[in-house]
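Below is one structure, written out as structure tokens, with a few remarks after it.
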Amino acid sequence: MSTTIELNLLGFQPHLNLKKQEGKVFIYDQIRKKFLVQTPEEVVRQLFLSYLLLEKKLSQNRIRTEKMLKVNELTKRCDILVFDWDMQPYLLVECKSPNVSLTEATLRQVASYNLPLRVKYLVLTNGMTSYCCELDYEGGQWQFLESIPTFPTQLSK
């Protein structure tokens, strides 16, 4: 893998909404507007959502979590999908647990989720390490970026 992105996702912990019920800890999904069982991957997803909403100033209306996809006749779910102003898929985020190493295999997983979407940007994060790739479909190339792109007030295709 290549250029890692320095994100202080732990700085968004105060924005997480947690509750304990019947011995289990739940975390609030601000996009789906419901509490989910807290898992390490779900914490990473909610931290990254807070980053997108608070740091990148994205509208909740442009974000979907756990979006169902068809990939080679299989049903998959992508963690976070951001849409542009025309409601076309723009950025795909795959979240892993902090104890999962980010490898080429995990990058291939998120790339396979992108087959039906054809987003401009792919992000892979485990909360500690993050990567972002910009895709060039015409040239058949992709490049690692040093940061998550800043979204203009009106995203273009």
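Scheme for the structure tokens: letters A, B, ... for chains in order shown; per-chain residue numbers from 1; ligand numbers from 1 in order shown.
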Next on the checklist: Using only C-alpha atoms, which protein or nucleic acid residues come within 10 Å of A:Leu52? Drop anything in the same chain fewer than 5 positions from it, and give the result as a ChimeraX atom specification.
Outcome noted: /A:46-47,57-60,63,82,148,150-151
Next on the checklist: Let's see if you can do this: from backbone DSSP, list all strand (DSSP E or B) residues in chain A, as a ChimeraX atom specification.
Outcome noted: /A:5,18-21,24-29,34-37,63-71,74-83,89-95,121-125,130-136,141-144
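Shortest atom-to-atom contact with A:Gln143 among A:Gln13, A:Asp86, A:Val123, A:Ala105: A:Val123, counting only C-alpha atoms.
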Item to check | Selected residue, from A:Tyr113, A:Phe26, A:Met128, A:Gly140, that lies nearest to A:Gly11 when counting only C-alpha atoms | outcome: A:Met128
Next on the checklist: Nearest residue to A:Tyr121 out of A:Gln30, A:Trp142, A:Arg108, A:Leu18, using only C-alpha atoms?
Outcome noted: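 The closest residue to A:Tyr121 is A:Trp142.
Restricting the calculation to only C-alpha atoms, the smallest distance between A:Lys120 and any of A:Glu22, A:Asp136, A:Glu94, A:Glu55 is found for A:Asp136.
When only C-alpha atoms are used to measure the gap to A:Asn126, the shortest distance among A:Leu92, A:Val43, A:Val37, A:Leu53 belongs to A:Val43.
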Checklist entry - In Å, how far is it from atom CA of A:Asn99 to atom CA of A:Leu115? => result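 The value is 26.7 Å.
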Item to check | Members of stretch 31-138 of chain A assigned alpha helix (DSSP H) by DSSP, as a ChimeraX atom specification | outcome: /A:40-50,104-113
Checklist entry - How far is it from atom CA of A:Glu104 to atom CA of A:Leu7, in Å with one decimal? => result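 Calculated distance between atom CA of A:Glu104 and atom CA of A:Leu7 is 20.2 Å.
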Checklist entry - What is the atom CA of A:Leu135 to atom CA of A:Ser101 distance in Å? => result 22.6 Å
Item to check | For A:Tyr90, the nearest of the candidates A:Asn114, A:Thr4, A:Thr103, A:Asn61, counting only C-alpha atoms | outcome: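 Using only C-alpha atoms, the shortest distance to A:Tyr90 belongs to A:Asn114.
The environment of A:Glu6 within 8 Å, counting only C-alpha atoms and disregarding residues fewer than 6 places along the same chain, consists of Thr129, Ser130 and Ser147 of chain A.
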For the selection just defined, write its residues with C-alpha atoms to a file, as a PDB file, in the first residue's frame.
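Below you can see again.pdb, which holds the result:
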ATOM      1  CA  THR A 129      -4.684   4.109   9.388  1.00  0.00           C
ATOM      2  CA  SER A 130      -6.536   5.460   6.359  1.00  0.00           C
ATOM      3  CA  SER A 147      -5.748  13.566   2.176  1.00  0.00           C
TER       4      SER A 147
END
